[in-house]
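Below is the file protein.txt, which contains compact mmCIF, C-alpha atoms.
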```txt
# COMPACT_ATOMS: atom_id res chain seq x y z
CA MET S 1 2.50 25.47 -8.58
CA SER S 2 2.86 26.07 -12.28
CA THR S 3 3.58 23.18 -14.61
CA ALA S 4 4.98 23.15 -18.07
CA VAL S 5 2.85 21.81 -20.90
CA VAL S 6 4.46 19.39 -23.35
CA ARG S 7 2.91 19.97 -26.78
CA PRO S 8 2.45 17.01 -29.14
CA GLY S 9 5.50 16.54 -31.33
CA SER S 10 7.81 18.58 -29.11
CA PRO S 11 10.77 16.92 -27.31
CA PRO S 12 10.25 16.20 -23.61
CA PRO S 13 11.96 18.54 -21.13
CA SER S 14 15.41 17.44 -19.99
CA VAL S 15 15.54 15.72 -16.61
CA PRO S 16 16.79 18.13 -13.92
CA VAL S 17 19.83 17.30 -11.82
CA GLY S 18 19.45 17.43 -8.07
CA PRO S 19 21.12 20.45 -6.43
CA SER S 20 23.96 19.93 -3.99
CA VAL S 21 23.05 19.79 -0.32
CA GLU S 22 24.43 23.28 0.19
CA ARG S 23 22.58 24.72 -2.79
CA TRP S 24 19.30 23.03 -1.80
CA GLN S 25 19.51 24.37 1.74
CA ALA S 26 20.19 27.86 0.38
CA MET S 27 17.29 27.82 -2.10
CA SER S 28 14.27 29.96 -1.30
CA ALA S 29 10.74 28.53 -1.26
CA SER S 30 10.02 30.00 -4.70
CA GLU S 31 13.25 28.54 -6.12
CA ARG S 32 12.36 25.11 -4.81
CA GLU S 33 8.88 25.50 -6.25
CA ARG S 34 10.30 26.27 -9.69
CA PHE S 35 12.64 23.28 -9.41
CA PHE S 36 9.72 20.97 -8.57
CA ALA S 37 7.80 22.39 -11.54
CA ASP S 38 10.73 21.48 -13.82
CA VAL S 39 10.81 17.98 -12.31
CA PHE S 40 7.09 17.42 -12.85
CA ALA S 41 7.28 18.73 -16.40
CA ALA S 42 10.16 16.36 -17.20
CA PHE S 43 8.15 13.32 -16.15
CA ASP S 44 4.77 14.47 -17.47
CA VAL S 45 5.24 12.96 -20.93
CA PRO S 46 1.89 11.85 -22.40
CA ALA S 47 3.49 9.56 -25.00
CA GLU S 48 5.20 7.49 -22.31
CA ALA S 49 2.02 7.26 -20.25
CA MET S 50 0.08 6.04 -23.28
CA THR S 51 2.75 3.44 -24.01
CA GLU S 52 2.51 1.97 -20.51
CA GLY S 53 -1.28 2.16 -20.34
CA ARG S 54 -3.74 0.98 -17.72
CA PRO S 55 -2.08 -2.42 -16.99
CA HIS S 56 0.99 -0.55 -15.79
CA ARG S 57 -1.02 1.77 -13.54
CA ARG S 58 -3.12 -1.06 -12.14
CA ALA S 59 -0.08 -3.14 -11.23
CA LYS S 60 1.72 -0.44 -9.27
CA SER S 61 -1.49 0.78 -7.60
CA ALA S 62 -2.29 -2.75 -6.47
CA ALA S 63 1.23 -3.17 -5.05
CA LEU S 64 1.00 0.10 -3.12
CA ASP S 65 -2.46 -0.78 -1.83
CA ALA S 66 -1.45 -4.21 -0.53
CA LEU S 67 1.73 -2.95 1.12
CA THR S 68 0.10 0.07 2.75
CA LEU S 69 -2.72 -2.06 4.18
CA HIS S 70 -0.28 -4.69 5.48
CA PHE S 71 2.16 -2.34 7.19
CA ARG S 72 -0.67 -0.33 8.74
CA SER S 73 -2.25 -3.52 10.11
CA ILE S 74 1.00 -4.65 11.79
CA ALA S 75 1.97 -1.10 12.85
CA ARG S 76 5.35 -1.28 11.15
CA THR S 77 7.20 1.98 10.50
CA ILE S 78 7.93 2.04 6.79
CA TYR S 79 7.12 4.61 4.11
CA VAL S 80 5.85 3.46 0.71
CA ALA S 81 4.82 5.63 -2.23
CA ASP S 82 4.30 5.39 -5.96
CA GLU S 83 5.46 7.78 -8.68
CA LEU S 84 7.31 9.98 -6.20
CA ALA S 85 10.32 11.75 -7.71
CA VAL S 86 13.63 10.97 -6.00
CA ILE S 87 16.20 13.77 -5.80
CA TYR S 88 19.81 12.88 -4.98
CA PRO S 89 22.37 15.71 -4.85
CA GLY S 90 24.21 15.94 -8.16
CA GLU S 91 22.20 13.13 -9.78
CA PRO S 92 19.51 13.23 -12.48
CA VAL S 93 16.09 13.11 -10.86
CA PHE S 94 14.17 9.87 -11.38
CA SER S 95 10.64 8.72 -10.58
CA PRO S 96 10.29 4.99 -9.75
CA ASP S 97 6.96 3.23 -9.86
CA LEU S 98 7.28 2.32 -6.18
CA LEU S 99 9.68 3.12 -3.37
CA ALA S 100 10.00 2.05 0.25
CA VAL S 101 11.99 3.61 3.08
CA ARG S 102 12.41 1.87 6.40
CA ASP S 103 11.99 3.65 9.75
CA VAL S 104 10.00 6.49 8.18
CA ALA S 105 6.38 6.86 9.24
CA GLN S 106 3.61 6.48 6.67
CA PRO S 107 1.26 9.47 6.98
CA ASP S 108 -2.38 9.39 6.02
CA PRO S 109 -2.77 10.01 2.26
CA ASP S 110 -4.41 13.38 2.84
CA GLU S 111 -1.60 14.47 5.16
CA ASP S 112 1.44 13.50 3.04
CA GLU S 113 2.92 16.84 2.00
CA ARG S 114 6.00 15.44 0.22
CA MET S 115 6.44 16.82 -3.29
CA ALA S 116 9.37 14.44 -3.83
CA TRP S 117 11.79 12.31 -1.85
CA VAL S 118 14.58 14.85 -1.35
CA VAL S 119 17.62 13.06 0.04
CA ALA S 120 19.07 16.36 1.30
CA ASP S 121 15.97 16.81 3.49
CA GLU S 122 15.31 13.20 4.46
CA GLY S 123 18.91 12.33 5.30
CA LYS S 124 18.79 9.06 3.35
CA GLY S 125 17.72 7.57 0.05
CA PRO S 126 15.12 4.87 -0.55
CA ASP S 127 15.84 1.36 0.72
CA LEU S 128 13.82 -0.31 -2.04
CA LEU S 129 12.76 0.68 -5.55
CA MET S 130 10.42 -1.14 -7.91
CA GLU S 131 9.54 -0.73 -11.57
CA VAL S 132 6.61 -2.23 -13.44
CA LEU S 133 7.74 -2.99 -16.97
CA HIS S 134 5.01 -3.35 -19.56
CA GLN S 135 5.63 -1.62 -22.88
CA GLY S 136 8.30 0.75 -21.60
CA ASN S 137 12.07 1.02 -21.98
CA ARG S 138 13.50 -2.40 -21.13
CA ASP S 139 17.12 -1.24 -21.17
CA LYS S 140 16.29 1.51 -18.66
CA ASP S 141 14.68 -0.85 -16.17
CA LEU S 142 16.84 -3.95 -16.62
CA ILE S 143 20.27 -2.48 -17.37
CA ASN S 144 20.59 1.22 -16.57
CA ASN S 145 18.63 1.14 -13.33
CA VAL S 146 20.48 -1.95 -12.10
CA ARG S 147 23.73 -0.05 -12.55
CA ASP S 148 22.56 3.33 -11.27
CA TYR S 149 20.51 2.22 -8.26
CA ALA S 150 23.38 0.06 -7.02
CA ARG S 151 25.74 3.02 -7.37
CA LEU S 152 23.35 5.15 -5.32
CA GLY S 153 23.29 2.52 -2.57
CA VAL S 154 19.63 1.48 -2.92
CA ARG S 155 19.55 -1.76 -0.97
CA GLU S 156 17.01 -3.64 -3.11
CA TYR S 157 15.55 -3.25 -6.58
CA PHE S 158 12.72 -5.26 -8.12
CA VAL S 159 11.32 -5.28 -11.65
CA TYR S 160 7.91 -6.77 -12.41
CA ASP S 161 8.09 -7.57 -16.12
CA ARG S 162 4.38 -7.71 -16.75
CA LEU S 163 4.71 -8.20 -20.50
CA ARG S 164 6.90 -11.31 -20.21
CA PHE S 165 5.50 -12.39 -16.84
CA ARG S 166 8.81 -12.41 -15.01
CA LEU S 167 10.04 -11.01 -11.72
CA HIS S 168 13.60 -9.74 -11.29
CA GLY S 169 15.17 -8.92 -7.94
CA TYR S 170 18.52 -7.40 -6.98
CA ARG S 171 20.23 -6.75 -3.66
CA LEU S 172 23.44 -5.08 -2.58
CA ALA S 173 25.80 -7.64 -1.12
CA ARG S 174 27.58 -4.86 0.75
CA PRO S 175 27.81 -1.06 0.55
CA GLY S 176 29.74 0.10 -2.49
CA ALA S 177 29.32 -3.19 -4.34
CA GLY S 178 27.14 -3.90 -7.33
CA TYR S 179 23.86 -5.74 -7.22
CA GLN S 180 23.54 -9.49 -6.95
CA GLU S 181 20.53 -10.89 -8.75
CA LEU S 182 18.22 -12.82 -6.46
CA SER S 183 17.34 -16.43 -7.19
CA PRO S 184 13.75 -17.53 -6.60
CA ARG S 185 12.93 -20.11 -3.96
CA LEU S 186 9.71 -22.00 -4.55
CA GLY S 187 8.80 -19.39 -7.12
CA ARG S 188 9.30 -16.45 -4.76
CA LEU S 189 11.83 -13.67 -4.30
CA THR S 190 12.48 -12.42 -0.77
CA SER S 191 12.69 -8.74 0.11
CA GLU S 192 14.65 -8.12 3.30
CA VAL S 193 13.55 -4.49 3.25
CA LEU S 194 9.85 -5.31 3.20
CA GLY S 195 10.14 -8.51 5.21
CA LEU S 196 7.95 -10.14 2.56
CA ASP S 197 8.14 -12.52 -0.40
CA LEU S 198 7.17 -11.48 -3.91
CA ALA S 199 5.67 -13.88 -6.45
CA LEU S 200 3.61 -13.88 -9.62
CA VAL S 201 0.22 -15.49 -9.11
CA GLY S 202 -2.34 -15.63 -11.89
CA ARG S 203 -0.38 -13.04 -13.89
CA ARG S 204 -0.47 -10.67 -10.93
CA LEU S 205 2.27 -9.51 -8.57
CA ARG S 206 1.43 -10.64 -5.04
CA PHE S 207 3.16 -10.32 -1.68
CA PHE S 208 3.40 -13.03 0.97
CA SER S 209 4.05 -12.93 4.70
CA GLY S 210 5.11 -16.48 5.40
CA MET S 211 2.45 -18.62 3.70
CA ALA S 212 -0.22 -15.91 3.87
CA GLU S 213 -0.92 -13.88 0.73
CA LEU S 214 -1.44 -10.19 1.44
CA PRO S 215 -4.93 -9.08 0.47
CA SER S 216 -5.84 -5.89 -1.32
CA SER S 217 -8.20 -3.42 0.37
CA GLU S 218 -11.15 -4.80 -1.58
CA GLU S 219 -10.27 -8.38 -0.67
CA PHE S 220 -9.80 -7.42 2.98
CA ILE S 221 -13.17 -5.66 3.09
CA GLU S 222 -14.82 -8.67 1.45
CA ARG S 223 -13.31 -10.97 4.08
CA ILE S 224 -14.60 -8.75 6.87
CA SER S 225 -18.05 -8.62 5.27
CA LYS S 226 -18.26 -12.41 5.03
CA MET S 227 -17.03 -12.76 8.60
CA MET S 228 -19.67 -10.27 9.76
CA ASP S 229 -22.40 -12.15 7.90
CA GLY S 230 -21.41 -15.32 9.74
CA ILE S 231 -21.16 -13.55 13.09
CA GLU S 232 -24.57 -11.92 12.70
CA ALA S 233 -26.16 -15.22 11.67
CA ARG S 234 -24.67 -17.00 14.67
CA ALA S 235 -25.71 -14.15 16.95
CA GLN S 236 -29.30 -14.25 15.75
CA GLN S 237 -29.41 -18.02 16.08
CA ALA S 238 -27.95 -17.91 19.57
CA GLU S 239 -30.39 -15.19 20.64
CA ALA S 240 -33.34 -17.23 19.35
CA GLN S 241 -32.09 -20.26 21.26
CA ALA S 242 -31.81 -18.14 24.38
CA GLN S 243 -35.40 -16.88 24.06
CA GLN S 244 -36.71 -20.39 23.48
CA ALA S 245 -34.74 -21.78 26.40
CA GLU S 246 -36.20 -19.17 28.76
CA THR S 247 -39.69 -20.61 28.20
CA GLN S 248 -38.61 -24.13 29.02
CA ALA S 249 -38.54 -25.84 32.35
CA GLN S 250 -35.85 -25.39 34.97
CA GLN S 251 -34.11 -28.41 33.48
CA ALA S 252 -33.23 -26.31 30.36
CA GLU S 253 -32.08 -23.25 32.34
CA ALA S 254 -28.39 -24.12 32.08
CA GLN S 255 -28.63 -24.49 28.30
CA ALA S 256 -30.38 -21.12 28.03
CA GLN S 257 -27.61 -19.43 29.97
CA ARG S 258 -24.95 -20.89 27.65
CA ALA S 259 -26.81 -19.77 24.54
CA GLU S 260 -27.22 -16.27 25.98
CA ALA S 261 -23.50 -16.09 26.67
CA GLN S 262 -22.79 -17.08 23.08
CA ALA S 263 -25.13 -14.37 21.85
CA GLN S 264 -23.36 -11.75 23.95
CA GLN S 265 -19.97 -12.87 22.71
CA ALA S 266 -21.15 -12.78 19.10
CA GLU S 267 -22.60 -9.28 19.65
CA VAL S 268 -19.20 -8.07 20.90
CA GLN S 269 -17.58 -9.59 17.82
CA ALA S 270 -20.16 -7.91 15.59
CA ARG S 271 -19.35 -4.53 17.13
CA ASP S 272 -15.63 -5.12 16.67
CA ALA S 273 -16.24 -6.12 13.05
CA VAL S 274 -18.13 -2.84 12.36
CA LEU S 275 -15.19 -0.87 13.76
CA ASP S 276 -12.75 -2.95 11.65
CA LEU S 277 -14.82 -2.20 8.54
CA ALA S 278 -14.78 1.53 9.28
CA GLU S 279 -11.01 1.40 9.79
CA ALA S 280 -10.54 -0.51 6.52
CA TYR S 281 -12.40 2.28 4.71
CA GLY S 282 -10.09 4.83 6.38
CA LEU S 283 -12.97 6.43 8.33
CA GLU S 284 -12.32 8.34 11.54
CA ILE S 285 -13.57 6.55 14.66
CA THR S 286 -14.35 9.25 17.19
CA PRO S 287 -15.20 8.43 20.82
CA GLU S 288 -18.84 9.30 20.06
CA ARG S 289 -18.96 6.88 17.11
CA ARG S 290 -17.30 4.15 19.14
CA GLN S 291 -19.90 4.67 21.90
CA ARG S 292 -22.67 4.53 19.30
CA VAL S 293 -21.39 1.15 18.08
CA GLN S 294 -21.01 -0.17 21.62
CA GLU S 295 -24.63 0.73 22.45
CA ALA S 296 -26.14 -0.56 19.19
CA SER S 297 -28.32 -3.63 18.99
CA LEU S 298 -27.71 -6.43 16.52
CA GLU S 299 -30.31 -4.94 14.19
CA ASP S 300 -28.68 -1.50 14.47
CA LEU S 301 -25.26 -3.03 13.82
CA ALA S 302 -26.55 -4.71 10.66
CA ALA S 303 -28.05 -1.41 9.45
CA LEU S 304 -24.86 0.47 10.26
CA ARG S 305 -22.75 -2.09 8.40
CA ALA S 306 -24.99 -1.80 5.33
CA ALA S 307 -24.71 1.99 5.43
CA LEU S 308 -20.92 1.84 5.71
CA LYS S 309 -20.66 -0.54 2.74
CA ALA S 310 -23.05 1.51 0.61
CA GLY S 311 -21.69 4.99 1.26
CA ARG S 312 -18.20 4.32 2.66
CA SER S 313 -18.99 6.99 5.26
CA TRP S 314 -20.62 7.20 8.66
CA PRO S 315 -24.40 7.61 8.33
```
As structure tokens, the full file:
Amino acid sequence: MSTAVVRPGSPPPSVPVGPSVERWQAMSASERERFFADVFAAFDVPAEAMTEGRPHRRAKSAALDALTLHFRSIARTIYVADELAVIYPGEPVFSPDLLAVRDVAQPDPDEDERMAWVVADEGKGPDLLMEVLHQGNRDKDLINNVRDYARLGVREYFVYDRLRFRLHGYRLARPGAGYQELSPRLGRLTSEVLGLDLALVGRRLRFFSGMAELPSSEEFIERISKMMDGIEARAQQAEAQAQQAETQAQQAEAQAQRAEAQAQQAEVQARDAVLDLAEAYGLEITPERRQRVQEASLEDLAALRAALKAGRSWP
């Protein structure tokens, strides 16, 4: 797909308006491709990207990462994406930092073919939109969007004001009404769409399920790694106790059997932890790889875990 180049000093392209449902359905593949190219060119403005900078990108990437990991782990059907253009019929196209749509499956990143969220194709608009405000246009995020997203029927809208360290939340009281601003409870705002609480912790936007803070992928992997270290240590200790107990008199036979059972249980947990680590890295677990893990010894499991952590791929 071709993209327009915005030269320094030239005005940014005007934001396209979404075609009507009838016009969109009648457009050929090449016409849609040209429309997408105009959309991408309108939002590919280097000056705006430089104004927002890395803090802006980090914040929205971290939010997407935590939400994607959480919903995948609980098998909830909800689609989340960042910087995906939203096309409503007859409305100027916009590109929120984050969007969420309930009851839409989240594909694997390599399999998501959406060029934009086209309401005419999807049959509905986003249920939640979020903007990360750093050095950008405050009126756009805190005034214009509040008006426009409510008019479009977006159920919830959140703004993470990273510069001033504030969190704003809005929800439709009923269809056709304007937004009501959410009031924090114990420092948190509740999203009914996500089924989660949002809060600012250590100058970072974090999500909570009940009292539990959602981890990022890196934090989740670190937790698994520490758990595996403990499991492997307990397994090795239990196995040593079993070997020692076997050399003792019949009086110690019962103790040896208990230690051996603990070792077997820990070995099962170690295998499960290796598979959890592979899943956290997004690696495919084929039947052959699962069989390999099931047949591995504790030493082989430790070597496999080290290889997974080092290369983030199956050795």
Dig up all the protein and nucleic acid residues within 12 Å of (-14.7, -1.4, 12.1) in the file frame, using only C-alpha atoms, and format them as a PyMOL selection string. chain S and resi 220-221+224-225+228+268-286+289-290+293-294+301+304-305+308-309+312-314
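Considering only C-alpha atoms, the residue among S:Asp121, S:Trp24, S:Asp82, S:Val39 positioned nearest to S:Ala62 is S:Asp82.
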When you look at stretch 160-168 of chain S with a cut-off of 10 Å (counting all atoms listed in the file), what residues show up, excluding the ones that are within fewer than 6 positions of it in the same chain? I need them as an MDAnalysis selection string. chainID S and resid 55:56 59:60 130:136 138 141:142 181:184 187:189 198:205
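Closest approach to S:Arg32 among S:Leu196, S:Ala303, S:Leu84, S:Val118 is made by S:Val118 (distances from all atoms listed in the file).
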So what do you get for atom CA of S:Ser297 versus atom CA of S:Ala252, distance-wise? 25.8 Å
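Nearest-residue note for S:Ala116: choosing from S:Phe35, S:Tyr149, S:Tyr179, S:Phe71, the minimum distance belongs to S:Phe35, counting all atoms listed in the file.
One finds atom CA of S:Leu98 at 17.4 Å from atom CA of S:Phe208.
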Edge lengths and centre, in Å to one decimal, as JSON: that's what I need for the box along x, y and z that holds all listed atoms of stretch 162-173 of chain S plus 5 Å on each side.
```
{"center_x": 15.1, "center_y": -8.7, "center_z": -10.8, "size_x": 31.4, "size_y": 17.3, "size_z": 29.4}
```
Here atom CA of S:Pro315 and atom CA of S:Asp300 stand apart by 11.8 Å
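For S:Glu246, the list of residues within 10 Å, based on all atoms listed in the file and with local chain neighbours fewer than 3 positions off taken out, reads Gln241, Ala242, Gln243, Ala249, Gln250, Ala252, Glu253, Ala254, Gln255, Ala256, Gln257 and Glu260 of chain S.
Compared by their closest atoms to S:Tyr157, and using all atoms listed in the file, the residues S:Ala29, S:Leu194, S:Ala310, S:Ala296 rank with S:Leu194 nearest.
Shortest atom-to-atom contact with S:Val154 among S:Ala105, S:Leu186, S:Leu67, S:Ala100: S:Ala100, counting only C-alpha atoms.
Distance annotation: of S:Glu83, S:Arg292, S:Thr77, S:Pro175, the residue with the minimal separation from S:Arg57 is S:Glu83; atom set is all atoms listed in the file.
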Counting all atoms listed in the file, what is within 7 Å of S:Asp65, bar same-chain residues fewer than 3 positions away, as a ChimeraX atom specification? /S:61-62,68-69,216-217
